[in-house]
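Shown next: coords-v8.pdb, given as PDB, C-alpha atoms.
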ATOM      1  CA  MET A   1      14.767  12.773  24.790
ATOM      2  CA  ASN A   2      14.687  10.040  27.472
ATOM      3  CA  GLY A   3      15.437  12.755  30.029
ATOM      4  CA  TYR A   4      12.124  14.427  29.211
ATOM      5  CA  TRP A   5      10.248  11.245  30.129
ATOM      6  CA  TRP A   6      11.729  11.036  33.609
ATOM      7  CA  ILE A   7      10.946  14.690  34.310
ATOM      8  CA  LEU A   8       7.332  14.212  33.214
ATOM      9  CA  ILE A   9       6.586  10.724  34.503
ATOM     10  CA  ILE A  10       8.241  10.544  37.950
ATOM     11  CA  PRO A  11       5.690  12.877  39.650
ATOM     12  CA  LEU A  12       2.851  10.942  38.037
ATOM     13  CA  VAL A  13       4.253   7.607  39.197
ATOM     14  CA  GLY A  14       4.316   8.947  42.758
ATOM     15  CA  LEU A  15       0.682  10.027  42.479
ATOM     16  CA  LEU A  16      -0.159   6.686  40.936
ATOM     17  CA  PHE A  17       1.278   4.751  43.875
ATOM     18  CA  LEU A  18      -0.697   6.873  46.333
ATOM     19  CA  TYR A  19      -3.807   6.258  44.309
ATOM     20  CA  VAL A  20      -3.149   2.500  44.201
ATOM     21  CA  ARG A  21      -2.668   2.289  47.935
ATOM     22  CA  GLU A  22      -5.896   4.122  48.587
ATOM     23  CA  ARG A  23      -8.024   2.078  46.185
ATOM     24  CA  MET A  24      -6.580  -1.440  46.333
ATOM     25  CA  THR A  25      -9.918  -2.879  47.430
ATOM     26  CA  ASN A  26     -11.629  -1.974  44.154
ATOM     27  CA  GLN A  27     -11.017  -4.797  41.660
ATOM     28  CA  SER A  28     -12.127  -2.763  38.614
ATOM     29  CA  THR A  29      -9.874   0.138  39.574
ATOM     30  CA  ARG A  30      -7.001  -2.305  40.116
ATOM     31  CA  LYS A  31      -7.279  -3.509  36.503
ATOM     32  CA  GLU A  32      -7.378   0.029  35.221
ATOM     33  CA  LEU A  33      -4.288   0.963  37.212
ATOM     34  CA  ILE A  34      -2.446  -2.093  35.917
ATOM     35  CA  TYR A  35      -3.325  -0.979  32.369
ATOM     36  CA  ILE A  36      -1.994   2.545  33.070
ATOM     37  CA  SER A  37       1.182   1.202  34.666
ATOM     38  CA  ASN A  38       1.873  -1.145  31.735
ATOM     39  CA  LYS A  39       1.250   1.618  29.213
ATOM     40  CA  LEU A  40       3.614   4.014  30.982
ATOM     41  CA  GLU A  41       6.320   1.338  31.139
ATOM     42  CA  HIS A  42       5.809   0.738  27.408
ATOM     43  CA  PHE A  43       6.107   4.453  26.650
ATOM     44  CA  MET A  44       9.297   4.822  28.697
ATOM     45  CA  ALA A  45      10.861   1.775  27.050
ATOM     46  CA  SER A  46       9.974   3.016  23.566
ATOM     47  CA  ASN A  47      12.828   4.168  21.310
ATOM     48  CA  SER A  48      10.588   6.767  19.720
ATOM     49  CA  SER A  49      10.870  10.328  21.029
ATOM     50  CA  GLN A  50       7.298  11.101  19.983
ATOM     51  CA  ILE A  51       4.542   8.966  21.504
ATOM     52  CA  GLN A  52       1.361   9.107  19.457
ATOM     53  CA  GLU A  53      -0.717   6.820  21.700
ATOM     54  CA  ARG A  54      -2.795   8.063  24.605
ATOM     55  CA  LEU A  55      -4.312   6.364  27.633
ATOM     56  CA  LEU A  56      -7.926   5.430  26.921
ATOM     57  CA  ILE A  57     -10.132   4.104  29.706
ATOM     58  CA  VAL A  58     -13.885   4.375  30.119
ATOM     59  CA  THR A  59     -14.466   4.819  33.826
ATOM     60  CA  GLY A  60     -16.993   6.392  36.114
ATOM     61  CA  ASP A  61     -14.322   7.233  38.696
ATOM     62  CA  ARG A  62     -13.896  11.020  38.622
ATOM     63  CA  GLN A  63     -10.431  10.968  40.232
ATOM     64  CA  LEU A  64      -9.191   8.359  37.781
ATOM     65  CA  ARG A  65     -10.516  10.394  34.843
ATOM     66  CA  GLU A  66      -8.683  13.474  36.128
ATOM     67  CA  LEU A  67      -5.487  11.448  36.490
ATOM     68  CA  LEU A  68      -5.827  10.139  32.919
ATOM     69  CA  GLN A  69      -6.414  13.652  31.606
ATOM     70  CA  ALA A  70      -3.279  14.893  33.388
ATOM     71  CA  ILE A  71      -1.176  12.024  32.034
ATOM     72  CA  ASN A  72      -2.463  12.506  28.485
ATOM     73  CA  ALA A  73      -1.804  16.256  28.691
ATOM     74  CA  LEU A  74       1.796  15.540  29.708
ATOM     75  CA  LEU A  75       2.161  13.005  26.903
ATOM     76  CA  GLU A  76       0.898  15.606  24.439
ATOM     77  CA  ARG A  77       3.332  18.184  25.817
ATOM     78  CA  SER A  78       6.200  15.713  25.616
ATOM     79  CA  SER A  79       5.387  14.932  21.982
ATOM     80  CA  GLN A  80       5.346  18.650  21.197
ATOM     81  CA  LEU A  81       8.721  19.137  22.895
ATOM     82  CA  ALA A  82      10.121  16.222  20.914
ATOM     83  CA  ALA A  83       8.813  17.668  17.644
ATOM     84  CA  ASP A  84      10.255  21.096  18.481
ATOM     85  CA  TYR A  85      13.600  19.508  19.337
ATOM     86  CA  THR A  86      13.643  17.609  16.041
ATOM     87  CA  ARG A  87      12.874  20.747  14.032
ATOM     88  CA  THR A  88      15.539  22.732  15.879
ATOM     89  CA  ASP A  89      18.090  19.971  15.406
ATOM     90  CA  GLN A  90      17.366  19.788  11.678
ATOM     91  CA  ALA A  91      17.585  23.576  11.365
ATOM     92  CA  MET A  92      20.925  23.620  13.169
ATOM     93  CA  ARG A  93      22.306  20.859  10.958
ATOM     94  CA  MET A  94      21.176  22.730   7.850
ATOM     95  CA  MET A  95      22.613  25.961   9.185
ATOM     96  CA  LEU A  96      26.012  24.389   9.845
ATOM     97  CA  ALA A  97      26.017  22.750   6.421
ATOM     98  CA  ASN A  98      25.193  26.037   4.707
ATOM     99  CA  VAL A  99      27.723  28.028   6.721
ATOM    100  CA  SER A 100      30.352  25.427   5.864
ATOM    101  CA  HIS A 101      29.429  25.726   2.175
ATOM    102  CA  ASP A 102      29.461  29.523   2.200
ATOM    103  CA  LEU A 103      32.802  29.667   4.011
ATOM    104  CA  LYS A 104      34.438  26.988   1.911
ATOM    105  CA  THR A 105      33.852  28.719  -1.441
ATOM    106  CA  PRO A 106      35.571  32.063  -0.718
ATOM    107  CA  LEU A 107      38.279  30.433   1.393
ATOM    108  CA  THR A 108      39.139  28.107  -1.498
ATOM    109  CA  VAL A 109      39.487  31.130  -3.796
ATOM    110  CA  ILE A 110      41.641  32.958  -1.228
ATOM    111  CA  MET A 111      43.919  29.935  -0.814
ATOM    112  CA  GLY A 112      44.226  29.542  -4.588
ATOM    113  CA  TYR A 113      45.215  33.149  -5.203
ATOM    114  CA  ALA A 114      47.558  33.159  -2.195
ATOM    115  CA  GLU A 115      49.342  30.079  -3.531
ATOM    116  CA  MET A 116      49.702  31.638  -7.004
ATOM    117  CA  LEU A 117      51.073  34.867  -5.557
ATOM    118  CA  THR A 118      53.553  32.953  -3.412
ATOM    119  CA  ARG A 119      54.846  30.680  -6.165
ATOM    120  CA  ASN A 120      54.837  33.139  -9.063
ATOM    121  CA  THR A 121      57.030  35.966  -7.821
ATOM    122  CA  ASP A 122      57.558  37.291 -11.353
ATOM    123  CA  LEU A 123      53.871  38.021 -12.070
ATOM    124  CA  PRO A 124      53.169  41.331 -13.851
ATOM    125  CA  GLN A 125      52.106  44.087 -11.475
ATOM    126  CA  ASP A 126      48.606  44.432 -12.950
ATOM    127  CA  GLU A 127      47.975  40.677 -12.641
ATOM    128  CA  ARG A 128      49.284  40.651  -9.080
ATOM    129  CA  GLN A 129      47.005  43.573  -8.216
ATOM    130  CA  ARG A 130      44.003  41.806  -9.764
ATOM    131  CA  MET A 131      44.633  38.738  -7.629
ATOM    132  CA  LEU A 132      45.085  40.821  -4.497
ATOM    133  CA  ASP A 133      41.787  42.556  -5.231
ATOM    134  CA  GLN A 134      40.067  39.169  -5.465
ATOM    135  CA  VAL A 135      41.662  38.030  -2.216
ATOM    136  CA  TYR A 136      40.403  41.179  -0.496
ATOM    137  CA  LYS A 137      36.895  40.762  -1.963
ATOM    138  CA  LYS A 138      36.605  37.173  -0.799
ATOM    139  CA  THR A 139      38.019  38.027   2.628
ATOM    140  CA  VAL A 140      35.273  40.635   3.013
ATOM    141  CA  GLU A 141      32.673  37.969   2.108
ATOM    142  CA  VAL A 142      33.986  35.641   4.810
ATOM    143  CA  HIS A 143      34.082  38.473   7.349
ATOM    144  CA  GLU A 144      30.506  39.505   6.590
ATOM    145  CA  LEU A 145      29.218  35.945   6.803
ATOM    146  CA  ILE A 146      30.892  35.312  10.156
ATOM    147  CA  ASN A 147      29.538  38.613  11.507
ATOM    148  CA  ALA A 148      26.031  37.762  10.291
ATOM    149  CA  PHE A 149      26.196  34.313  11.885
ATOM    150  CA  PHE A 150      27.243  35.668  15.281
ATOM    151  CA  ASP A 151      24.837  38.607  15.108
ATOM    152  CA  LEU A 152      21.938  36.223  14.541
ATOM    153  CA  SER A 153      23.117  34.057  17.441
ATOM    154  CA  ARG A 154      23.243  37.115  19.701
ATOM    155  CA  LEU A 155      19.817  38.295  18.569
ATOM    156  CA  GLU A 156      18.282  34.908  19.314
ATOM    157  CA  ALA A 157      19.990  34.890  22.725
ATOM    158  CA  ASP A 158      18.713  38.446  23.392
ATOM    159  CA  ASP A 159      22.322  39.592  23.792
ATOM    160  CA  PHE A 160      22.338  42.297  21.105
ATOM    161  CA  ASP A 161      22.404  45.894  22.326
ATOM    162  CA  LEU A 162      20.075  48.184  20.361
ATOM    163  CA  PRO A 163      19.978  51.702  21.853
ATOM    164  CA  LEU A 164      16.855  53.491  20.616
ATOM    165  CA  SER A 165      16.462  57.128  19.626
ATOM    166  CA  VAL A 166      14.238  59.297  17.438
ATOM    167  CA  ILE A 167      15.252  58.883  13.782
ATOM    168  CA  ASP A 168      13.882  59.940  10.410
ATOM    169  CA  ALA A 169      12.788  56.742   8.657
ATOM    170  CA  CYS A 170      12.509  58.562   5.303
ATOM    171  CA  GLU A 171      16.128  59.668   5.471
ATOM    172  CA  VAL A 172      17.295  56.144   6.281
ATOM    173  CA  CYS A 173      15.328  54.812   3.286
ATOM    174  CA  ARG A 174      16.875  57.422   0.982
ATOM    175  CA  HIS A 175      20.404  56.619   2.072
ATOM    176  CA  ARG A 176      19.936  52.875   1.642
ATOM    177  CA  ILE A 177      18.381  53.019  -1.830
ATOM    178  CA  LEU A 178      21.092  55.465  -2.987
ATOM    179  CA  ALA A 179      23.708  52.895  -2.000
ATOM    180  CA  TYR A 180      22.218  50.576  -4.652
ATOM    181  CA  TYR A 181      21.972  53.205  -7.392
ATOM    182  CA  ASP A 182      25.007  52.098  -9.418
ATOM    183  CA  LEU A 183      24.126  48.410  -9.143
ATOM    184  CA  LEU A 184      20.527  48.964 -10.195
ATOM    185  CA  SER A 185      21.557  51.161 -13.117
ATOM    186  CA  ASP A 186      24.131  48.626 -14.272
ATOM    187  CA  ARG A 187      21.476  45.881 -14.275
ATOM    188  CA  ASN A 188      18.830  48.040 -15.988
ATOM    189  CA  PHE A 189      16.345  47.923 -13.120
ATOM    190  CA  LYS A 190      13.309  50.145 -13.170
ATOM    191  CA  VAL A 191      13.280  51.824  -9.757
ATOM    192  CA  ASP A 192      10.063  53.152  -8.242
ATOM    193  CA  ILE A 193      10.598  55.218  -5.077
ATOM    194  CA  ASN A 194       7.657  56.629  -3.108
ATOM    195  CA  LEU A 195       8.867  58.392   0.034
ATOM    196  CA  PRO A 196       7.229  61.395   1.785
ATOM    197  CA  GLU A 197       9.105  64.684   1.487
ATOM    198  CA  GLN A 198       8.609  65.516   5.153
ATOM    199  CA  ALA A 199      10.394  63.705   7.968
ATOM    200  CA  VAL A 200       8.738  60.581   9.378
ATOM    201  CA  LEU A 201       9.947  60.068  12.922
ATOM    202  CA  VAL A 202      10.170  56.677  14.591
ATOM    203  CA  TYR A 203      11.678  55.572  17.869
ATOM    204  CA  ALA A 204      14.173  52.985  16.664
ATOM    205  CA  ASN A 205      17.829  52.227  16.035
ATOM    206  CA  GLU A 206      19.245  53.727  12.834
ATOM    207  CA  GLU A 207      21.860  51.044  12.307
ATOM    208  CA  ALA A 208      19.288  48.283  12.804
ATOM    209  CA  LEU A 209      16.789  49.876  10.406
ATOM    210  CA  SER A 210      19.553  50.362   7.819
ATOM    211  CA  ARG A 211      20.498  46.715   8.117
ATOM    212  CA  ILE A 212      16.885  45.592   7.746
ATOM    213  CA  LEU A 213      16.569  47.633   4.558
ATOM    214  CA  ASP A 214      19.907  46.408   3.225
ATOM    215  CA  ASN A 215      18.839  42.804   3.680
ATOM    216  CA  LEU A 216      15.497  43.379   1.956
ATOM    217  CA  LEU A 217      16.968  45.429  -0.900
ATOM    218  CA  SER A 218      19.831  43.016  -1.573
ATOM    219  CA  ASN A 219      17.359  40.126  -1.449
ATOM    220  CA  ALA A 220      15.139  41.881  -4.019
ATOM    221  CA  VAL A 221      18.103  42.576  -6.312
ATOM    222  CA  ARG A 222      19.419  39.017  -6.055
ATOM    223  CA  TYR A 223      16.232  36.993  -6.330
ATOM    224  CA  GLY A 224      14.075  39.499  -8.205
ATOM    225  CA  ALA A 225      16.576  40.069 -11.010
ATOM    226  CA  ASP A 226      14.296  38.461 -13.618
ATOM    227  CA  GLY A 227      11.702  41.203 -13.162
ATOM    228  CA  ARG A 228      14.212  44.093 -13.451
ATOM    229  CA  TYR A 229      12.062  46.109 -11.046
ATOM    230  CA  LEU A 230      12.584  47.420  -7.535
ATOM    231  CA  GLY A 231      10.060  49.429  -5.554
ATOM    232  CA  LEU A 232      10.572  51.180  -2.213
ATOM    233  CA  SER A 233       7.775  53.031  -0.434
ATOM    234  CA  LEU A 234       6.983  54.434   3.005
ATOM    235  CA  THR A 235       3.419  55.104   4.149
ATOM    236  CA  GLN A 236       1.779  56.074   7.457
ATOM    237  CA  GLU A 237      -1.384  54.666   8.976
ATOM    238  CA  GLU A 238      -2.902  54.971  12.471
ATOM    239  CA  GLY A 239       0.273  55.600  14.420
ATOM    240  CA  LYS A 240       2.391  53.215  12.349
ATOM    241  CA  ILE A 241       4.647  53.343   9.333
ATOM    242  CA  HIS A 242       4.920  50.740   6.602
ATOM    243  CA  ILE A 243       8.140  50.382   4.613
ATOM    244  CA  GLU A 244       7.640  48.165   1.586
ATOM    245  CA  VAL A 245      10.255  46.641  -0.722
ATOM    246  CA  ILE A 246       8.846  45.153  -3.945
ATOM    247  CA  ASP A 247      10.310  43.156  -6.805
ATOM    248  CA  ARG A 248       8.722  41.402  -9.780
ATOM    249  CA  GLY A 249      11.059  38.459 -10.091
ATOM    250  CA  ARG A 250      10.509  34.742  -9.755
ATOM    251  CA  GLY A 251       9.012  35.130  -6.287
ATOM    252  CA  ILE A 252       8.689  32.568  -3.525
ATOM    253  CA  PRO A 253       6.600  29.378  -3.761
ATOM    254  CA  LYS A 254       3.561  29.303  -1.502
ATOM    255  CA  ALA A 255       4.907  26.245   0.313
ATOM    256  CA  ASP A 256       8.030  28.186   1.327
ATOM    257  CA  LEU A 257       6.402  31.412   2.537
ATOM    258  CA  LYS A 258       6.383  30.358   6.187
ATOM    259  CA  ARG A 259      10.025  29.238   6.061
ATOM    260  CA  VAL A 260      11.544  32.321   4.441
ATOM    261  CA  PHE A 261      12.483  33.912   7.772
ATOM    262  CA  ASP A 262      14.010  30.717   9.170
ATOM    263  CA  ARG A 263      17.752  30.945   9.712
ATOM    264  CA  MET A 264      19.732  29.579   6.785
ATOM    265  CA  TYR A 265      16.677  29.284   4.536
ATOM    266  CA  THR A 266      17.521  29.508   0.847
ATOM    267  CA  MET A 267      15.430  28.473  -2.120
ATOM    268  CA  GLU A 268      16.405  25.233  -3.842
ATOM    269  CA  ASP A 269      18.501  26.653  -6.646
ATOM    270  CA  SER A 270      19.833  29.695  -4.809
ATOM    271  CA  ARG A 271      23.061  28.103  -3.705
ATOM    272  CA  ASN A 272      24.906  28.639  -6.957
ATOM    273  CA  ARG A 273      27.581  31.101  -7.927
ATOM    274  CA  ASN A 274      25.205  33.643  -9.462
ATOM    275  CA  MET A 275      22.585  33.640  -6.715
ATOM    276  CA  GLN A 276      24.572  32.797  -3.627
ATOM    277  CA  GLY A 277      23.191  33.911  -0.282
ATOM    278  CA  SER A 278      23.982  32.875   3.250
ATOM    279  CA  GLY A 279      20.330  32.440   4.241
ATOM    280  CA  LEU A 280      20.899  34.650   7.285
ATOM    281  CA  GLY A 281      19.750  38.019   5.971
ATOM    282  CA  LEU A 282      15.982  37.632   6.260
ATOM    283  CA  ALA A 283      16.243  35.882   9.630
ATOM    284  CA  ILE A 284      18.291  38.825  10.924
ATOM    285  CA  ALA A 285      15.853  41.324   9.376
ATOM    286  CA  LYS A 286      12.905  39.657  11.125
ATOM    287  CA  ARG A 287      14.562  39.555  14.524
ATOM    288  CA  LEU A 288      15.814  43.133  14.288
ATOM    289  CA  THR A 289      12.322  44.296  13.319
ATOM    290  CA  GLU A 290      10.850  42.496  16.327
ATOM    291  CA  ARG A 291      13.479  44.067  18.598
ATOM    292  CA  LEU A 292      12.343  47.474  17.338
ATOM    293  CA  GLY A 293       8.765  46.642  18.338
ATOM    294  CA  GLY A 294       7.581  45.994  14.795
ATOM    295  CA  ARG A 295       6.742  43.149  12.471
ATOM    296  CA  ILE A 296       7.675  42.045   8.973
ATOM    297  CA  ASN A 297       5.278  40.492   6.454
ATOM    298  CA  LEU A 298       5.731  38.772   3.117
ATOM    299  CA  GLU A 299       3.397  38.355   0.146
ATOM    300  CA  SER A 300       4.507  36.764  -3.105
ATOM    301  CA  ILE A 301       2.967  35.986  -6.465
ATOM    302  CA  PRO A 302       5.759  34.476  -8.612
ATOM    303  CA  TYR A 303       6.729  36.646 -11.606
ATOM    304  CA  SER A 304       4.111  39.197 -10.619
ATOM    305  CA  GLN A 305       5.021  40.820  -7.304
ATOM    306  CA  THR A 306       6.931  39.910  -4.160
ATOM    307  CA  SER A 307       6.515  42.345  -1.280
ATOM    308  CA  PHE A 308       8.319  42.562   2.058
ATOM    309  CA  SER A 309       6.614  45.029   4.397
ATOM    310  CA  VAL A 310       8.151  46.316   7.643
ATOM    311  CA  THR A 311       5.725  47.892  10.120
ATOM    312  CA  LEU A 312       7.043  50.100  12.936
ATOM    313  CA  PRO A 313       5.250  52.373  15.429
ATOM    314  CA  LEU A 314       5.553  56.125  14.897
ATOM    315  CA  HIS A 315       7.518  58.162  17.426
ATOM    316  CA  SER A 316       4.397  59.796  18.874
ATOM    317  CA  LYS A 317       2.799  56.428  19.617
ATOM    318  CA  ARG A 318       5.924  55.054  21.262
ATOM    319  CA  THR A 319       6.433  58.059  23.477
ATOM    320  CA  ASN A 320       2.803  58.094  24.591
ATOM    321  CA  GLN A 321       2.837  54.492  25.709
TER     322      GLN A 321
END
Written form, structure tokens:
Amino acid sequence: MNGYWWILIIPLVGLLFLYVRERMTNQSTRKELIYISNKLEHFMASNSSQIQERLLIVTGDRQLRELLQAINALLERSSQLAADYTRTDQAMRMMLANVSHDLKTPLTVIMGYAEMLTRNTDLPQDERQRMLDQVYKKTVEVHELINAFFDLSRLEADDFDLPLSVIDACEVCRHRILAYYDLLSDRNFKVDINLPEQAVLVYANEEALSRILDNLLSNAVRYGADGRYLGLSLTQEEGKIHIEVIDRGRGIPKADLKRVFDRMYTMEDSRNRNMQGSGLGLAIAKRLTERLGGRINLESIPYSQTSFSVTLPLHSKRTNQ
């Protein structure tokens, strides 16, 4: 963070010297400038990346007041940059820790089965096949996690190609919920689907919309399992469509609502074998929705209703813009 200080302070120091040279004859101004100079030296020597103090001088000199206001504005901006850097650094550390955790678990299983298959050449065929199936399953998990990690990185770097075309949002919703039919039936979920019979056209990317829905549906199945309910609806309103995914599970604490779409966010007890998630899905869903010109909202009342709503512009609105 020391680099930020030099970028911000050097131009001000130059202005300060010009000001000093012009007003050396004024004894009161000289004291005020000495105060400013000492304060700036103290700030630059400080080990803290966030400076909470500000320059406070009562003066009738208009030029000096303007200089103080400019310096304080830069100090405020520097503190904000430092806070943003700290948050980003913490998020990156958490992301790397979670990715490491999520990669380590399936890789450990793969290594274990591979070792057993190598050492026990006389295993029965059905047991060998079972182990190979597990190896394949865990390999798919690793592959999906790595893809999700790099896709999110590309989305955040605006390096993710999303060709747009006219698609039927209703048809995409039907296909995605049908993909979960067996899972929902096996877990005795009550499924409530409310989709218009007629086509609802949007200007979007079908693969991206499918992925958004997959992330929201899988999230509802995983974390809303206690409620044994899944709702999917599509409505239209004033040139927009709203796709809503609802569950009645344990929900999301109010304190966490703003963090849900952060990369690698997972609730405290979600990192166990039964409720394992990479923490990338909702972050990807949010960024894909934004790339499609829409927005995603969340409302949650624990053990009552948790709702993720995706809003996208209708095709007619997009083409008329």
For this session: Please evaluate the PyMOL selection byres ((chain A and resi 171) around 12) against the structure above and give the resulting residues as a VMD selection string.
Result: chain A and resid 167 to 170 172 to 178 195 to 202 206 209 to 210 234
For this session: List the residues matched by the PyMOL selection byres ((chain A and resi 297-302) around 10) in the displayed structure as a PyMOL selection string, ordered by chain and then by residue number.
Result: chain A and resi 224+244-254+257-258+260-261+286+295-296+303-311
Seminar exercise, completed: In Å and to one decimal, CA of Asp186 in chain A is distant from CA of Arg228 in chain A by 10.9 Å
Seminar exercise, completed: The distance between CA of Tyr223 in chain A and CA of Leu184 in chain A is 13.3 Å
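Restricting the calculation to all atoms listed in the file, the smallest distance between Asp159 in chain A and any of A:Asn219, A:Lys104, A:His315, A:Arg291 is found for A:Arg291.
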Problem set entry | Residue nearest Lys240 in chain A - candidates A:Val109, A:Leu312, A:Leu282, A:Ala70, atoms counted: only C-alpha atoms | A:Leu312
Set up a box along x, y and z of the file covering all listed atoms of range 203-216 of chain A, add 3 Å on every one of the six sides, and write the centre and edge lengths in Å to one decimal, as JSON.
{"center_x": 16.8, "center_y": 49.2, "center_z": 9.9, "size_x": 16.2, "size_y": 18.8, "size_z": 21.9}
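Note that the spacing between CA of Ala285 in chain A and CA of Ile212 in chain A amounts to 4.7 Å.
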For the structure shown, which residues end up in the PyMOL selection byres ((chain A and resi 111) around 12)? Put them as a PDB file with C-alpha atoms, in the frame of the given file, please?
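File expr09.pdb, as written:
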ATOM      1  CA  LYS A 104      34.438  26.988   1.911  1.00  0.00           C
ATOM      2  CA  THR A 105      33.852  28.719  -1.441  1.00  0.00           C
ATOM      3  CA  PRO A 106      35.571  32.063  -0.718  1.00  0.00           C
ATOM      4  CA  LEU A 107      38.279  30.433   1.393  1.00  0.00           C
ATOM      5  CA  THR A 108      39.139  28.107  -1.498  1.00  0.00           C
ATOM      6  CA  VAL A 109      39.487  31.130  -3.796  1.00  0.00           C
ATOM      7  CA  ILE A 110      41.641  32.958  -1.228  1.00  0.00           C
ATOM      8  CA  GLY A 112      44.226  29.542  -4.588  1.00  0.00           C
ATOM      9  CA  TYR A 113      45.215  33.149  -5.203  1.00  0.00           C
ATOM     10  CA  ALA A 114      47.558  33.159  -2.195  1.00  0.00           C
ATOM     11  CA  GLU A 115      49.342  30.079  -3.531  1.00  0.00           C
ATOM     12  CA  MET A 116      49.702  31.638  -7.004  1.00  0.00           C
ATOM     13  CA  LEU A 117      51.073  34.867  -5.557  1.00  0.00           C
ATOM     14  CA  THR A 118      53.553  32.953  -3.412  1.00  0.00           C
ATOM     15  CA  MET A 131      44.633  38.738  -7.629  1.00  0.00           C
ATOM     16  CA  LEU A 132      45.085  40.821  -4.497  1.00  0.00           C
ATOM     17  CA  GLN A 134      40.067  39.169  -5.465  1.00  0.00           C
ATOM     18  CA  VAL A 135      41.662  38.030  -2.216  1.00  0.00           C
ATOM     19  CA  TYR A 136      40.403  41.179  -0.496  1.00  0.00           C
ATOM     20  CA  LYS A 138      36.605  37.173  -0.799  1.00  0.00           C
ATOM     21  CA  THR A 139      38.019  38.027   2.628  1.00  0.00           C
TER      22      THR A 139
END
For this session: Excluding Ala148 in chain A and any residue of its chain fewer than 3 positions from it, enumerate the residues within 9 Å of it, using only C-alpha atoms, and give them as a VMD selection string.
Result: chain A and resid 143 to 145 151 to 153 278 280 to 281 284
Exercise. So which one's closest to Arg287 in chain A, A:Arg211, A:Ser165, A:Pro313, A:Glu141? Using all atoms listed in the file, please.
Worked result: A:Arg211
Because some atoms of range 294-306 of chain A are absent here, can you restore N, CA and C atoms and send them as a PDB file, keeping the file's coordinate frame?
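Dumped to selection.pdb:
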ATOM      1  N   GLY A 294       8.373  46.070  16.019  1.00  0.00           N
ATOM      2  CA  GLY A 294       7.581  45.994  14.795  1.00  0.00           C
ATOM      3  C   GLY A 294       7.373  44.574  14.318  1.00  0.00           C
ATOM      4  N   ARG A 295       6.941  44.462  13.073  1.00  0.00           N
ATOM      5  CA  ARG A 295       6.742  43.149  12.471  1.00  0.00           C
ATOM      6  C   ARG A 295       7.079  43.238  10.979  1.00  0.00           C
ATOM      7  N   ILE A 296       7.349  42.101  10.386  1.00  0.00           N
ATOM      8  CA  ILE A 296       7.675  42.045   8.973  1.00  0.00           C
ATOM      9  C   ILE A 296       6.781  41.012   8.304  1.00  0.00           C
ATOM     10  N   ASN A 297       6.199  41.378   7.169  1.00  0.00           N
ATOM     11  CA  ASN A 297       5.278  40.492   6.454  1.00  0.00           C
ATOM     12  C   ASN A 297       5.775  40.251   5.032  1.00  0.00           C
ATOM     13  N   LEU A 298       5.339  39.145   4.475  1.00  0.00           N
ATOM     14  CA  LEU A 298       5.731  38.772   3.117  1.00  0.00           C
ATOM     15  C   LEU A 298       4.512  38.326   2.326  1.00  0.00           C
ATOM     16  N   GLU A 299       4.393  38.830   1.109  1.00  0.00           N
ATOM     17  CA  GLU A 299       3.397  38.355   0.146  1.00  0.00           C
ATOM     18  C   GLU A 299       4.111  38.148  -1.179  1.00  0.00           C
ATOM     19  N   SER A 300       3.800  37.044  -1.857  1.00  0.00           N
ATOM     20  CA  SER A 300       4.507  36.764  -3.105  1.00  0.00           C
ATOM     21  C   SER A 300       3.618  36.058  -4.116  1.00  0.00           C
ATOM     22  N   ILE A 301       3.570  36.628  -5.308  1.00  0.00           N
ATOM     23  CA  ILE A 301       2.967  35.986  -6.465  1.00  0.00           C
ATOM     24  C   ILE A 301       4.084  35.864  -7.500  1.00  0.00           C
ATOM     25  N   PRO A 302       4.600  34.650  -7.727  1.00  0.00           N
ATOM     26  CA  PRO A 302       5.759  34.476  -8.612  1.00  0.00           C
ATOM     27  C   PRO A 302       5.589  35.184  -9.958  1.00  0.00           C
ATOM     28  N   TYR A 303       6.648  35.903 -10.334  1.00  0.00           N
ATOM     29  CA  TYR A 303       6.729  36.646 -11.606  1.00  0.00           C
ATOM     30  C   TYR A 303       5.648  37.716 -11.743  1.00  0.00           C
ATOM     31  N   SER A 304       5.058  38.093 -10.617  1.00  0.00           N
ATOM     32  CA  SER A 304       4.111  39.197 -10.619  1.00  0.00           C
ATOM     33  C   SER A 304       4.558  40.249  -9.612  1.00  0.00           C
ATOM     34  N   GLN A 305       4.566  39.884  -8.328  1.00  0.00           N
ATOM     35  CA  GLN A 305       5.021  40.820  -7.304  1.00  0.00           C
ATOM     36  C   GLN A 305       5.361  40.082  -6.018  1.00  0.00           C
ATOM     37  N   THR A 306       6.525  40.392  -5.479  1.00  0.00           N
ATOM     38  CA  THR A 306       6.931  39.910  -4.160  1.00  0.00           C
ATOM     39  C   THR A 306       7.155  41.136  -3.288  1.00  0.00           C
TER      40      THR A 306
END
